[in-house]
Structures are given as structure tokens and as C-alpha cells.
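Trainee: Take a look at the following structure, please.
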Amino acid sequence: MSSSGGDRGGPSGDGHEELHAQPLRPLPVRFISPAALNLSRVYEQNRQRIQKKDGPKVPDPTTPQTKGKPRLLLMGQRRSGKSSISSVVFHKLPASETLFLESTARIQKDSLNSFMEFQVWDFPGQIDIFENPAYSFDMDAIFGEIGALIWVIDAQDDYLEAVARLNVTILHVQRSYPHINIEVFIHKVDGLSDDYKLDIQRDVTIRIQDELSDQGIENAPVNFHLTSIYNHSIFEAFSKVIQKLIPRLGQLEAMLTNLCRTCRFEKAYLFDVNTKIYIATDSTPEDMASYEICSDYVDVIIDFTEVYGSWPRSQEWKARLEGEPWAQPLGEQVGCEWAESGVVLADAQRPIMLREVDKFLALVAIMKEGSYEKMPQINMNVDVVVKGLIEFFEITKPRGGGIAGQGGQDGGVVSPGVPPAL
Amino acid sequence: MSDLETTSGSGGPAGVTDGPIGGAPTTQTQLKKVKKQKVLLMGKSGSGKSSMRSIIFSNYLARDTRRLGATIDIDLSHVKFLGNLTLNLWDCGGQEAFMENYLSQQRAHVFSNVGVLIYVFDIESRDVERDLATYVNIISALVQYSRDAQVFVLIHKMDLIPPQMREDVFVQRVALVRKKTAEAVAIVRKASLSQPQQQTSLSPQQQQPGSTSPTTLPSDLEIDMQLFATSIWDQSLYKAWASIIHDLVPNLAVIETQLASLGVAIDADEILLFERTSFLVVSKWASREGETNPWGDRFERMSNILKSWKHTCSKFTGTPRNAEQFCEFQYKMGSTFAMFVTKFTTNTYILVCMPPGEARFNSAKLNVAAARPWFKYLDGPPAGVLGGGGGGGSVASVQNPYAVGSLVFSGGERGVGNPDS
Ligand SMILES: Nc1nc2c(ncn2[C@@H]2O[C@H](COP(=O)(O)OP(=O)(O)OP(=O)(O)O)[C@@H](O)[C@H]2O)c(=O)[nH]1
Ligand SMILES: Nc1nc2c(ncn2[C@@H]2O[C@H](COP(=O)(O)OP(=O)(O)OP(=O)(O)O)[C@@H](O)[C@H]2O)c(=O)[nH]1
Ligand SMILES: [Mg+2]
Ligand SMILES: [Mg+2]
């Protein structure tokens with residue numbers, strides 16, 4: 001379930017070697033996770049393929065399906081971290097591996113199938129789309145869809161030019177495409193002190209608001225986020241950005257708030273499992289610590305699922321388990337056919353629970369101390385809410401979505417190569 | 001180094017190795033004995049020795065190691081592992097002056113009675129020739145004083161090499177190190193033939209029955225050596241260190257037998273036993289089906305995942321990282337599989353992966369709890385656990401107290417059967 005495409009490549013089985021660019025070796029030396037290896041290779045291959053396809057003459061293969069999908073546009077100076085952000089959040093590249101990313105030459109377009117289909121466009125920092133007649137970008141094609149413009153500023157670098165370019169960009173976009181949210185990521189704040197971070201944020205905010213009001217734009221809807229790929233902040237920022245694009249978000253939040261009340265949960269999140277973006281939470285105040293532990297919990301579950309749930313079991317295994325003394329199909333021996341999990345922290349016996357909602361979404365909730373014994377009742381309440389959530393997304397989803405082909409897993413049995421969300 | 005009982009400086013007598021390395025224990029006295037192992041951690045300054053030691057044994061995060069200063073002389077720590085194994089870890093500062101000192105004045109002190117040498121190469125080092133020359137000197141000294149020692153060579157900081165080049169870089173370095181190792185052995189052999197009188201500083205313990213005197217090295221002497229590519233930023237560190245400790249764990253054969261009978265009894269597909277602080281895999285068992293798992297790297301991967309989960313919990317609860325962080329983790333993936341990770345004995349956590357099914361799951365949890373006493377004395381402190389001398393029979397009889405016949409069936413209700421309540 002952790003892959004962002006079905007072709008992430010398998011585990012260390014030799015049958016998967018042909019996926020790699022390198023020749024077969026008589027004695028492969030496995031010193032880094034083959035998963036990580038495959039991931040980066042597959043990712044590189046995809047990138048190269050897309051770069052090729054993305055040439056000026058070739059029509060964009062994604063265009064026919066892009067209509068109506070929210071779009072996230074990553075823009076900013078060279079080396080500000082745009083490709084790193086998109087790789088870490090949407091392709092699970094380990095943050096430390098971003099050191100090896102090359103400068104982007106053409107717009108990289110990613111289509112993401114999740115609870116909602118959206119697109120991520122990673123722009124080359126070296127090209128200024130507003131001041132480059134040679135490229136003559138079709139602005140409508142870029143900004144025509146609803147979505148967000150994410151402007152990435154390297155906080156560890158001199159950012160005056162970045163801010164100036166951002167101002168120009170905002171002026172263009174605000175006038176013609178007011179439906180685009182403008183989100184500024186003050187990025188690479190790892191290693192900066194808290195005071196310094198806030199100083200930068202204040203400085204950037206003032207410089208932008210001043211310039212805009214000089215141009216006659218008051219209260220432009222510009223949002224600021226302090227981010228880094230080396231911690232959870234980048235995921236949290238994306239959560240905020242994406243939540244603004246979800247229709248009827250309030251309704252979702254109300255469902256979670258209700259759940260927290262009936263089950264006496266401290267905090268509940270609805271996660272997009274593949275990206276660890278939370279798309280809704282209950283109405284209690286934001287709490288970074290809660291988000292972090294829930295997000296790491298999702299990570300652990302992803303890994304467990306991949307290691308133990310992503311390969312088919314043999315017929316004999318199944319036959320034996322369904323024979324005496326159980327004498328029941330496995331599907332009837334289980335209490336539920338979805339994925340669910342619980343963990344109890346040693347400190348004050350506080351439980352956290354996770355429950356699969358659909359292929360893409362999971363509900364994660366931090367419970368009150370000592371409530372693990374009440375799990376059966378809690379599970380019943382959760383079942384009801386999950387049904388509600390599924391209905392909510394049935395309605396939201398466009399009819400005949402492109403993901404139908406993967407839907408036929410019976411009772412959670414995984415077909416190899418197509419890991420389900422959970 | 002909050003988890004370590006650390007004695008700083010190079011003072012103190014050299015560690016004493018009790019009995020041969022590895023091998024199944026046959027008597028109860030051996031089960032009870034605390035085994036001490038002298039482990040040398042060597043390599044150039046800045047290669048990452050103290051970093052890995054702090055991550056594996058002291059709950060440091062990888063990024064915390066940036067704050068470590070260079071080690072002055074030798075930092076000696078006694079790491080309790082599973083209660084009945086003590087690693088005398090000699091973290092030898094790698095600055096040149098120290099290295100020369102180890103090879104000259106402190107030679108006998110440092111290189112006698114060594115059970116394991118871990119030699120760390122920094123892959124980013126600019127002066128490979130010089131690194132290898134130092135390595136040859138160290139290996140020569142080791143062969144001279146502790147020629148039965150196991151050698152682990154870690155090619156470290158692999159994260160700094162672009163992913164697609166890692167395999168090639170590693171393969172090349174392995175060839176180089178093997179060649180140099182052979183050269184080192186040859187040097188010692190030649191020296192021992194020409195000046196047989198020089199080695200007088202050997203302690204008597206070193207000359208174990210059956211082994212020839214170090215002064216006349218056999219011509220087929222080979223060093224027991226393994227090489228790993230490692231980085232503190234991924235699971236590779238756990239793979240290397242699990243191999244290092246694997247052969248040192250006392251009573252391993254007994255633990256493995258018992259794990260196997262537990263696995264069969266509860267119908268598991270895989271069981272992993274982790275040491276509580278390091279989360280290194282101490283022992284593992286898989287059913288025939290479990291063995292078909294294509295993820296060959298899953299053991300170090302699970303170590304890495306669970307250890308960082310522990311750190312996450314510590315951050316959330318505000319309790320120290322070396323405190324117990326979670327007591328129970330269970331996951332049921334529909335009708336695909338079920339698993340749980342739970343506190344097992346004082347010094348271990350256990351991971352059980354099994355087929356789906358509520359009844360099967362609940363009884364497995366109860367039976368794992370029931371099996372605890374069985375493993376207790378294998379990793380517990382040596383004294384008092386067996387309650388005097390009367391326990392002989394219970395140790396020797398590797399019978400299965402939780403055979404299928406005695407499986408406890410708790411209802412098929414979905415929920416959380418808590419075996420402790
Ligand atoms: N310290 C730190 N470095 C980061 C962070 N995000 C990205 N980087 C580093 O910034 C460098 C440039 O990253 P890229 O993602 O290639 O930059 P880009 O914005 O895509 O650059 P162009 O494609 O040229 O426009 C890389 O070396 C990353 O490792 C961060 O959050 N913190
Ligand atoms: N990139 C990278 N850096 C590492 C790795 N391991 C350690 N380091 C860094 O290397 C530096 C030196 O590490 P130490 O562990 O103090 O080195 P040492 O071998 O103990 O050095 P001496 O005590 O002087 O012999 C630290 O800043 C670590 O963060 C690794 O796997 N990758
Ligand atoms: Mg880029
Ligand atoms: Mg050191």
C-alpha cells in the first residue's frame with residue numbers, strides 16, 4: 001500500500017531484477033533496502049520518461065484527464081527545494097536522498113490518484129514563466145484549474161529575489177486567476193532557531209503585503225508555512241493546502257468531532273495513507289505532537305503491510321487454515337475484512353487506534369488513557385463513522401473514476417504488484 | 001550515553017572471554033553464566049564509530065550524532081545485552097596519535113583477548129591508501145594477539161554515495177579490503193617465522209586447548225571476516241550489528257529451539273525476538289510459508305521501524321527514550337494476515353506474524369504470554385532466576401508446554417484480548 005504506483009518493483013526476489021537499469025550480478029550485495037533502491041530507480045526512470053514525453057512538440061499525455069482535477073503548482077527559485085518536496089511527499093524519497101536530485105529542466109507533471117485526484121506540477125526554478133517570451137507559456141493551461149500555487153522560498157539563502165519574483169507572480173495570478181490559493185512555503189527551516197524562523201516569516205509577510213498594497217491589492221489571500229523535508233512540517237503544510245481544496249470539508253470535520261465526542265477520543269485524523277497528508281481532523285486545537293505520532297503510526301502500518309501483507313500465500317497454507325479444527329473460510333474467521341490496528345503506549349496506557357476507511361484513507365485516533373478495554377464498543381462507533389465517511393467520498397468522487405480496475409480485491413487479499421491502500 | 005554503564009578512559013584490565021565463542025550450551029551452569037566479550041571498535045577519526053555505537057546501544061537519533069566530539073583515547077563501555085552477555089566495547093579514538101599508541105605502547109593491552117574487531121572505513125575518506133595501510137597494521141596486531149577474533153569491516157557513510165553507484169563502490173572496496181587483509185596475514189606469518197621469540201606478552205587464557213601457539217601460525221590461517229555497507233541514516237546499520245551480536249548471544253541454540261516450538265504451537269508464520277534497547281534481532285523463526293516471504297531485508301527493516309517508533313513514542317509522551325515506550329502493538333489486515341509486537345521478557349520484545357482469524361489471534365497472544373517464563377532465564381540476570389538448584393530438569397527438557405493440545409482458545413470476539421488481565 002505504500003507505493004505511489006503499482007510498479008514500485010518487488011522485494012529482493014530475483015525476478016524483479018530486470019526492472020533495473022543495471023546488469024545482473026552473480027552475487028548481488030544487498031546493503032541498502034532493495035525497496036529503497038527500486039523506488040529511487042523507478043522514480044528516476046519515470047522522471048526521465050516524463051521529461052522525454054514532456055517535450056514541446058509532444059502533446060501532454062495527461063491533458064485529456066486533467067480537467068477538473070485540483071492542481072498544486074510548485075514554484076520558486078532554483079534549488080529552493082521544489083523537486084525535493086514533491087519527491088519526499090508524493091514519492092516517498094528519503095529526505096537525505098534529495099541531495100542527489102538534479103535541477104529541473106521542464107515542468108514535471110504528476111497525477112495522483114487518491115481520495116481525490118489531483119495534480120502536482122513541479123516547475124523549473126531557472127525559468128521565469130512571466131518573463132520568458134521564448135517559452136511563451138499558456139497561462140490558462142497552467143492556472144486554469146482550481147488549486148494552489150505553492151511558492152517555495154529557501155530560508156537558508158538570501159531570499160530577497162525570491163520575494164520579488166513572488167510578488168510579480170502574485171500580481172499576475174491574483175488578477176486573472178483569483179480562484180488559485182497562494183501558499184508560501186518558507187522552506188529549509190531545519191537547523192534554524194524558532195526565533196529566527198518567526199523573524200523570517202514576519203519579514204517575508206511584510207515585504208509581500210507592502211508590495212501588494214502598493215499595487216492596490218489589500219488582504220490578498222496569501223498563506224505562510226514554515227517547512228522542511230527533514231521533519232513532519234512539510235506534510236502538515238500540505239495537509240493545510242489540500243484541505244482548502246476539499247469540497248464540504250466542514251462536514252468531514254463535523255463527523256470527526258462527533259466521533260471524538262462519542263468515543264471520548266482526544267484527537268482524530270483522517271489520513272491519506274500514501275502521502276501521510278491529513279485531510280481532516282476534529283475541532284479540538286491543532287497539535288503538532290499528535291499529528292506526528294499518528295503520522296509515524298501510519299508509516300509503521302505501511303511497512304508492516306508491505307513486509308507481511310504484500311505477497312500471496314500458498315494454496316496449502318489456506319487449505320490448512322480453513323480445515324479442521326476451524327472448518328471455516330478465512331474470510332469468516334476474521335472479525336473484520338478491513339485493516340485495523342491498535343497500539344498501547346507504556347506511558348499511562350494510552351491507546352492509539354487506526355482503521356482503514358478505503359483504499360486511500362485511514363482513520364487514526366488518540367484515545368483517552370486506559371480506554372483499551374472499551375475497544376469493542378469503540379469499534380462499533382468507529383464502524384458507523386467509517387460508513388459515513390465512505391458515503392461522503394462516494395458522493396464527492398467523480399463517476400467512473402480511473403481507479404476502478406484496482407478495486408476487485410476480495411476481502412483484502414492482495415494481488416501482487418497492486419498493493420491496496422491498506 | 002544514558003543506557004551505558006560507562007567507564008571512561010583506557011584503564012582497567014582487559015576483558016576476559018569466558019569459554020569459546022558460540023556453540024550450544026550443554027549444562028545449566030553455562031546457561032547461568034554471564035558471558036563477556038571484548039569488542040574493539042576501530043577506524044579513522046570521524047569515520048562514525050561513536051555514532052553507530054550511540055545509535056545502536058544508547059538510543060541516539062542519527063542526527064544527534066552530529067554533536068559527538070572526537071573520542072579521546074579509548075572510551076570503554078560495558079553494554080549489558082540480554083542480561084547474560086556483557087559487551088566490553090572499546091571505542092578507540094581514531095586520531096593518528098592514538099592509533100600509533102595502540103600499535104606500540106598499548107599493543108598487548110588493546111589487542112589481547114579480543115572477541116570481535118569492528119573496523120570502520122569512511123567511504124568519503126580522501127586518503128584511501130593511508131586508511132588501508134593503517135588497517136593492515138591493525139589486522140596484523142590483531143592476528144598476532146587474538147587470532148581467533150572475528151572481524152567485521154563496515155564500509156560506512158554509504159548514504160553519501162549516489163544510490164545507483166553504491167553497489168559498485170561497495171564491491172570494489174570489498175575486493176580491496178580482502179586483498180589487504182591477506183597481505184596483513186602474510187606479514188605476520190613472515191614475522192613470526194623469522195622472529196619467533198618476540199611474542200611474550202600473550203596471556204595464558206589466549207592459548208586455548210587445541211589451538212596452536214600464535215608464534216607458529218598455520219599456513220592456511222584465514223581471518224573470519226564479514227563486510228557490510230552501512231549508514232546511520234538507514235536500516236543497513238541494523239543488519240551489520242545484528243550479524244555482529246548474533247554469534248555472541250549465549251544459549252542461542254536453546255532460544256531458537258524454543259522459539260520454533262512456540263511458533264508451531266501458536267500457528268505463527270514468523271516470530272522475531274528483539275533485544276529491548278537496541279531492537280536488534282536476536283533470534284528469528286519462520287514457518288514454511290513464512291520463509292517464502294520475498295522481503296529478504298525485513299529483519300533489519302523491522303529493527304529500524306520499531307526503534308524509530310519507540311523514539312516517536314518517547315517524543316510524544318515526553319518520557320526518556322530508554323524507558324519502555326509501548327507495551328503492545330497489534331495489526332490485523334483483514335483476511336490477509338495478523339500480527340502483534342509486544343513486550344516479552346525483561347530484555348526482549350517479540351513480533352509475531354500469523355494467519356488471520358480472531359480465535360487464532362487471541363489464543364496466540366495468550367500463549368505468548370504463557371511462554372514468557374520459558375524464555376526468562378535465557379536472557380535474565382544469571383542469579384536467582386532459577387530459584388536455587390532445583391530447576392535442573394526444567395531447563396534440560398525442551399518440551400513444549402504450550403503444545404497444540406493445551407492451546408487456550410478465547411472466543412472469536414473482535415477486540416483486544418489482554419493476556420495480562
Ligand atoms: N536543509 C534542507 N535542504 C533541503 C530541504 N529541501 C530541499 N533541500 C535541498 O535543496 C537542494 C535543492 O533541491 P531541489 O529540490 O532540487 O530544488 P528545486 O527547487 O527543485 O530546484 P530547480 O529544479 O533547479 O528549480 C537539494 O540539495 C535538497 O537536498 C530542506 O527542507 N532542508
Ligand atoms: N553522512 C553520514 N555521516 C555519518 C555517518 N555516521 C557518522 N556520521 C557523522 O560522522 C561524524 C563523526 O562521527 P563520530 O562517530 O564521532 O566518529 P568517530 O569514528 O567516533 O571519530 P573518533 O572518535 O575521532 O575516532 C559525525 O558528525 C556523524 O554525524 C553516516 O553513516 N553517514
Ligand atoms: Mg527541481
Ligand atoms: Mg568517536
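The chains in the C-alpha cells are called A, B, ... from first to last as shown; in each chain the residues are counted from 1, and the ligands are counted from 1 in the order shown.
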As an NGL selection string, please: every protein or nucleic acid residue near ligand 2 (cut-off 10 Å, counting only C-alpha atoms and all ligand atoms).

Mentor: (:A and (96)) or (:B and (41-55 or 61-75 or 91-96 or 98-99 or 119-124 or 155-161 or 229-234 or 236-237))

Trainee: Mind dumping a table of every chain B residue within 7 Å of chain A, with the nearest atom pair and its distance in Å to one decimal, using only C-alpha atoms, sorted by chain and rising number, as JSON lines?

Mentor:
```
{"residue": "B:Pro162", "atom": "CA", "partner": "A:Phe100", "partner_atom": "CA", "distance": 6.4}
{"residue": "B:Pro163", "atom": "CA", "partner": "A:Leu37", "partner_atom": "CA", "distance": 6.9}
{"residue": "B:Glu167", "atom": "CA", "partner": "A:Val29", "partner_atom": "CA", "distance": 6.7}
{"residue": "B:Phe228", "atom": "CA", "partner": "A:Phe31", "partner_atom": "CA", "distance": 6.8}
{"residue": "B:Ala229", "atom": "CA", "partner": "A:Phe31", "partner_atom": "CA", "distance": 5.4}
{"residue": "B:Thr230", "atom": "CA", "partner": "A:Phe31", "partner_atom": "CA", "distance": 6.9}
{"residue": "B:Ser236", "atom": "CA", "partner": "A:Ile32", "partner_atom": "CA", "distance": 5.8}
{"residue": "B:Glu289", "atom": "CA", "partner": "A:Trp317", "partner_atom": "CA", "distance": 6.9}
{"residue": "B:Pro294", "atom": "CA", "partner": "A:Pro11", "partner_atom": "CA", "distance": 5.7}
{"residue": "B:Trp295", "atom": "CA", "partner": "A:Pro11", "partner_atom": "CA", "distance": 5.0}
{"residue": "B:Gly296", "atom": "CA", "partner": "A:Ser12", "partner_atom": "CA", "distance": 5.9}
{"residue": "B:Asp297", "atom": "CA", "partner": "A:Ser33", "partner_atom": "CA", "distance": 6.5}
{"residue": "B:Arg298", "atom": "CA", "partner": "A:Val307", "partner_atom": "CA", "distance": 6.6}
{"residue": "B:Ile305", "atom": "CA", "partner": "A:Val300", "partner_atom": "CA", "distance": 6.4}
{"residue": "B:Thr312", "atom": "CA", "partner": "A:Ile293", "partner_atom": "CA", "distance": 6.1}
{"residue": "B:Cys313", "atom": "CA", "partner": "A:Ile293", "partner_atom": "CA", "distance": 6.8}
{"residue": "B:Phe316", "atom": "CA", "partner": "A:Ala289", "partner_atom": "CA", "distance": 6.0}
{"residue": "B:Thr317", "atom": "CA", "partner": "A:Asp347", "partner_atom": "CA", "distance": 6.6}
{"residue": "B:Glu324", "atom": "CA", "partner": "A:Ala346", "partner_atom": "CA", "distance": 6.3}
{"residue": "B:Gln325", "atom": "CA", "partner": "A:Ala346", "partner_atom": "CA", "distance": 5.1}
{"residue": "B:Phe326", "atom": "CA", "partner": "A:Leu345", "partner_atom": "CA", "distance": 4.2}
{"residue": "B:Cys327", "atom": "CA", "partner": "A:Ala346", "partner_atom": "CA", "distance": 5.3}
{"residue": "B:Glu328", "atom": "CA", "partner": "A:Val344", "partner_atom": "CA", "distance": 5.2}
{"residue": "B:Phe329", "atom": "CA", "partner": "A:Val343", "partner_atom": "CA", "distance": 4.2}
{"residue": "B:Gln330", "atom": "CA", "partner": "A:Gly342", "partner_atom": "CA", "distance": 5.4}
{"residue": "B:Tyr331", "atom": "CA", "partner": "A:Ser341", "partner_atom": "CA", "distance": 4.2}
{"residue": "B:Lys332", "atom": "CA", "partner": "A:Glu340", "partner_atom": "CA", "distance": 5.5}
{"residue": "B:Met333", "atom": "CA", "partner": "A:Ala339", "partner_atom": "CA", "distance": 4.1}
{"residue": "B:Gly334", "atom": "CA", "partner": "A:Glu337", "partner_atom": "CA", "distance": 4.0}
{"residue": "B:Ser335", "atom": "CA", "partner": "A:Gly331", "partner_atom": "CA", "distance": 5.5}
{"residue": "B:Thr336", "atom": "CA", "partner": "A:Val413", "partner_atom": "CA", "distance": 5.5}
{"residue": "B:Phe337", "atom": "CA", "partner": "A:Gly309", "partner_atom": "CA", "distance": 6.5}
{"residue": "B:Pro356", "atom": "CA", "partner": "A:Val334", "partner_atom": "CA", "distance": 6.2}
{"residue": "B:Gly357", "atom": "CA", "partner": "A:Val334", "partner_atom": "CA", "distance": 4.3}
{"residue": "B:Glu358", "atom": "CA", "partner": "A:Val334", "partner_atom": "CA", "distance": 5.3}
{"residue": "B:Glu413", "atom": "CA", "partner": "A:Gly335", "partner_atom": "CA", "distance": 7.0}
{"residue": "B:Arg414", "atom": "CA", "partner": "A:Gly335", "partner_atom": "CA", "distance": 5.2}
{"residue": "B:Gly415", "atom": "CA", "partner": "A:Pro376", "partner_atom": "CA", "distance": 5.2}
{"residue": "B:Val416", "atom": "CA", "partner": "A:Met375", "partner_atom": "CA", "distance": 6.7}
```

Trainee: List every residue of region 25-242 of chain B that DSSP, applied to the backbone, labels as helix (DSSP H, G or I), and write the result as a PyMOL selection string.

Mentor: chain B and resi 28-32+49-58+62-67+96-103+107-111+128-145+158-160+163-194+204-206+236-242

Trainee: Would you name the residues within 10 Å of ligand 1, counting only C-alpha atoms and all ligand atoms, and put them as a PyMOL selection string?

Mentor: chain A and resi 74-88+95-108+122-127+151-156+186-192+226-231+233-234

Trainee: Env of Ala220 (chain A): 12 Å cut, atoms = only C-alpha atoms, seq-sep filter 5 positions within chain, self excluded. Answer as an NGL selection string.

Mentor: :A and (167 or 170-171 or 173-175 or 178-183 or 205 or 208-213 or 215)

Trainee: I'd like the interatomic distance between CA of Val151 (chain B) and CA of Gln226 (chain B), to a tenth of an Å.

Mentor: 6.5 Å

Trainee: Would you please give, as a PyMOL selection string, all residues of region 102-336 of chain B that DSSP assigns to strand (DSSP E or B) based on the backbone?

Mentor: chain B and resi 116-122+150-156+224-229+270-275+281-286+326-333

Trainee: When you count only C-alpha atoms, which of these residues is closest to Val128 (chain B): B:Val177, B:Ile255, B:Ala260, B:Ala141?

Mentor: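 Nearest to Val128 (chain B): B:Val177.
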
Trainee: Report, in Å to a single decimal, how far apart CA of Ala240 (chain B) and CA of Val136 (chain B) are.

Mentor: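 CA of Ala240 (chain B) lies 21.6 Å from CA of Val136 (chain B).
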
Trainee: Considering only C-alpha atoms, return as an MDAnalysis selection string whatever protein or nucleic-acid residues lie within 9 Å of Leu103 (chain B), sequence-local ones (same chain, fewer than 5 positions apart) excluded.

Mentor: chainID B and resid 98 108 110:111 137:138 141

Trainee: May I have the selected residues written with all heavy atoms, as a PDB file, in the first residue's frame?

Mentor:
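Result saved to part-v7.pdb:
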```
ATOM      1  N   PHE B  98      46.634   8.493  18.544  1.00  0.00           N
ATOM      2  CA  PHE B  98      46.080   7.377  19.336  1.00  0.00           C
ATOM      3  C   PHE B  98      46.356   6.045  18.650  1.00  0.00           C
ATOM      4  O   PHE B  98      46.762   5.075  19.289  1.00  0.00           O
ATOM      5  CB  PHE B  98      44.569   7.547  19.517  1.00  0.00           C
ATOM      6  CG  PHE B  98      44.183   8.788  20.267  1.00  0.00           C
ATOM      7  CD1 PHE B  98      43.102   9.549  19.842  1.00  0.00           C
ATOM      8  CD2 PHE B  98      44.873   9.188  21.403  1.00  0.00           C
ATOM      9  CE1 PHE B  98      42.728  10.700  20.523  1.00  0.00           C
ATOM     10  CE2 PHE B  98      44.508  10.335  22.099  1.00  0.00           C
ATOM     11  CZ  PHE B  98      43.441  11.089  21.655  1.00  0.00           C
ATOM     12  N   ALA B 108      49.732  -4.857  23.400  1.00  0.00           N
ATOM     13  CA  ALA B 108      49.269  -6.085  24.048  1.00  0.00           C
ATOM     14  C   ALA B 108      47.954  -5.833  24.785  1.00  0.00           C
ATOM     15  O   ALA B 108      47.012  -6.633  24.719  1.00  0.00           O
ATOM     16  CB  ALA B 108      50.330  -6.589  25.012  1.00  0.00           C
ATOM     17  N   VAL B 110      45.639  -3.631  24.182  1.00  0.00           N
ATOM     18  CA  VAL B 110      44.488  -3.425  23.306  1.00  0.00           C
ATOM     19  C   VAL B 110      44.116  -4.695  22.545  1.00  0.00           C
ATOM     20  O   VAL B 110      42.943  -5.059  22.453  1.00  0.00           O
ATOM     21  CB  VAL B 110      44.763  -2.279  22.287  1.00  0.00           C
ATOM     22  CG1 VAL B 110      43.673  -2.207  21.227  1.00  0.00           C
ATOM     23  CG2 VAL B 110      44.884  -0.951  23.017  1.00  0.00           C
ATOM     24  N   PHE B 111      45.112  -5.402  22.045  1.00  0.00           N
ATOM     25  CA  PHE B 111      44.786  -6.471  21.097  1.00  0.00           C
ATOM     26  C   PHE B 111      44.697  -7.877  21.689  1.00  0.00           C
ATOM     27  O   PHE B 111      44.394  -8.819  20.972  1.00  0.00           O
ATOM     28  CB  PHE B 111      45.783  -6.445  19.931  1.00  0.00           C
ATOM     29  CG  PHE B 111      45.635  -5.233  19.069  1.00  0.00           C
ATOM     30  CD1 PHE B 111      46.473  -4.138  19.207  1.00  0.00           C
ATOM     31  CD2 PHE B 111      44.601  -5.169  18.146  1.00  0.00           C
ATOM     32  CE1 PHE B 111      46.306  -3.010  18.430  1.00  0.00           C
ATOM     33  CE2 PHE B 111      44.431  -4.040  17.355  1.00  0.00           C
ATOM     34  CZ  PHE B 111      45.286  -2.954  17.498  1.00  0.00           C
ATOM     35  N   ASN B 137      48.033  -2.578   9.550  1.00  0.00           N
ATOM     36  CA  ASN B 137      48.735  -2.608  10.828  1.00  0.00           C
ATOM     37  C   ASN B 137      47.839  -3.136  11.945  1.00  0.00           C
ATOM     38  O   ASN B 137      48.279  -3.908  12.799  1.00  0.00           O
ATOM     39  CB  ASN B 137      49.219  -1.205  11.200  1.00  0.00           C
ATOM     40  CG  ASN B 137      50.343  -0.764  10.284  1.00  0.00           C
ATOM     41  OD1 ASN B 137      51.029  -1.603   9.699  1.00  0.00           O
ATOM     42  ND2 ASN B 137      50.518   0.539  10.136  1.00  0.00           N
ATOM     43  N   ILE B 138      46.592  -2.701  11.926  1.00  0.00           N
ATOM     44  CA  ILE B 138      45.664  -3.141  12.974  1.00  0.00           C
ATOM     45  C   ILE B 138      45.405  -4.647  12.857  1.00  0.00           C
ATOM     46  O   ILE B 138      45.444  -5.381  13.849  1.00  0.00           O
ATOM     47  CB  ILE B 138      44.318  -2.367  12.867  1.00  0.00           C
ATOM     48  CG1 ILE B 138      44.527  -0.865  13.078  1.00  0.00           C
ATOM     49  CG2 ILE B 138      43.292  -2.922  13.840  1.00  0.00           C
ATOM     50  CD1 ILE B 138      44.873  -0.451  14.476  1.00  0.00           C
ATOM     51  N   ALA B 141      48.303  -6.619  14.145  1.00  0.00           N
ATOM     52  CA  ALA B 141      48.353  -6.676  15.605  1.00  0.00           C
ATOM     53  C   ALA B 141      47.287  -7.628  16.132  1.00  0.00           C
ATOM     54  O   ALA B 141      47.523  -8.387  17.085  1.00  0.00           O
ATOM     55  CB  ALA B 141      48.139  -5.278  16.178  1.00  0.00           C
TER      56      ALA B 141
END
```
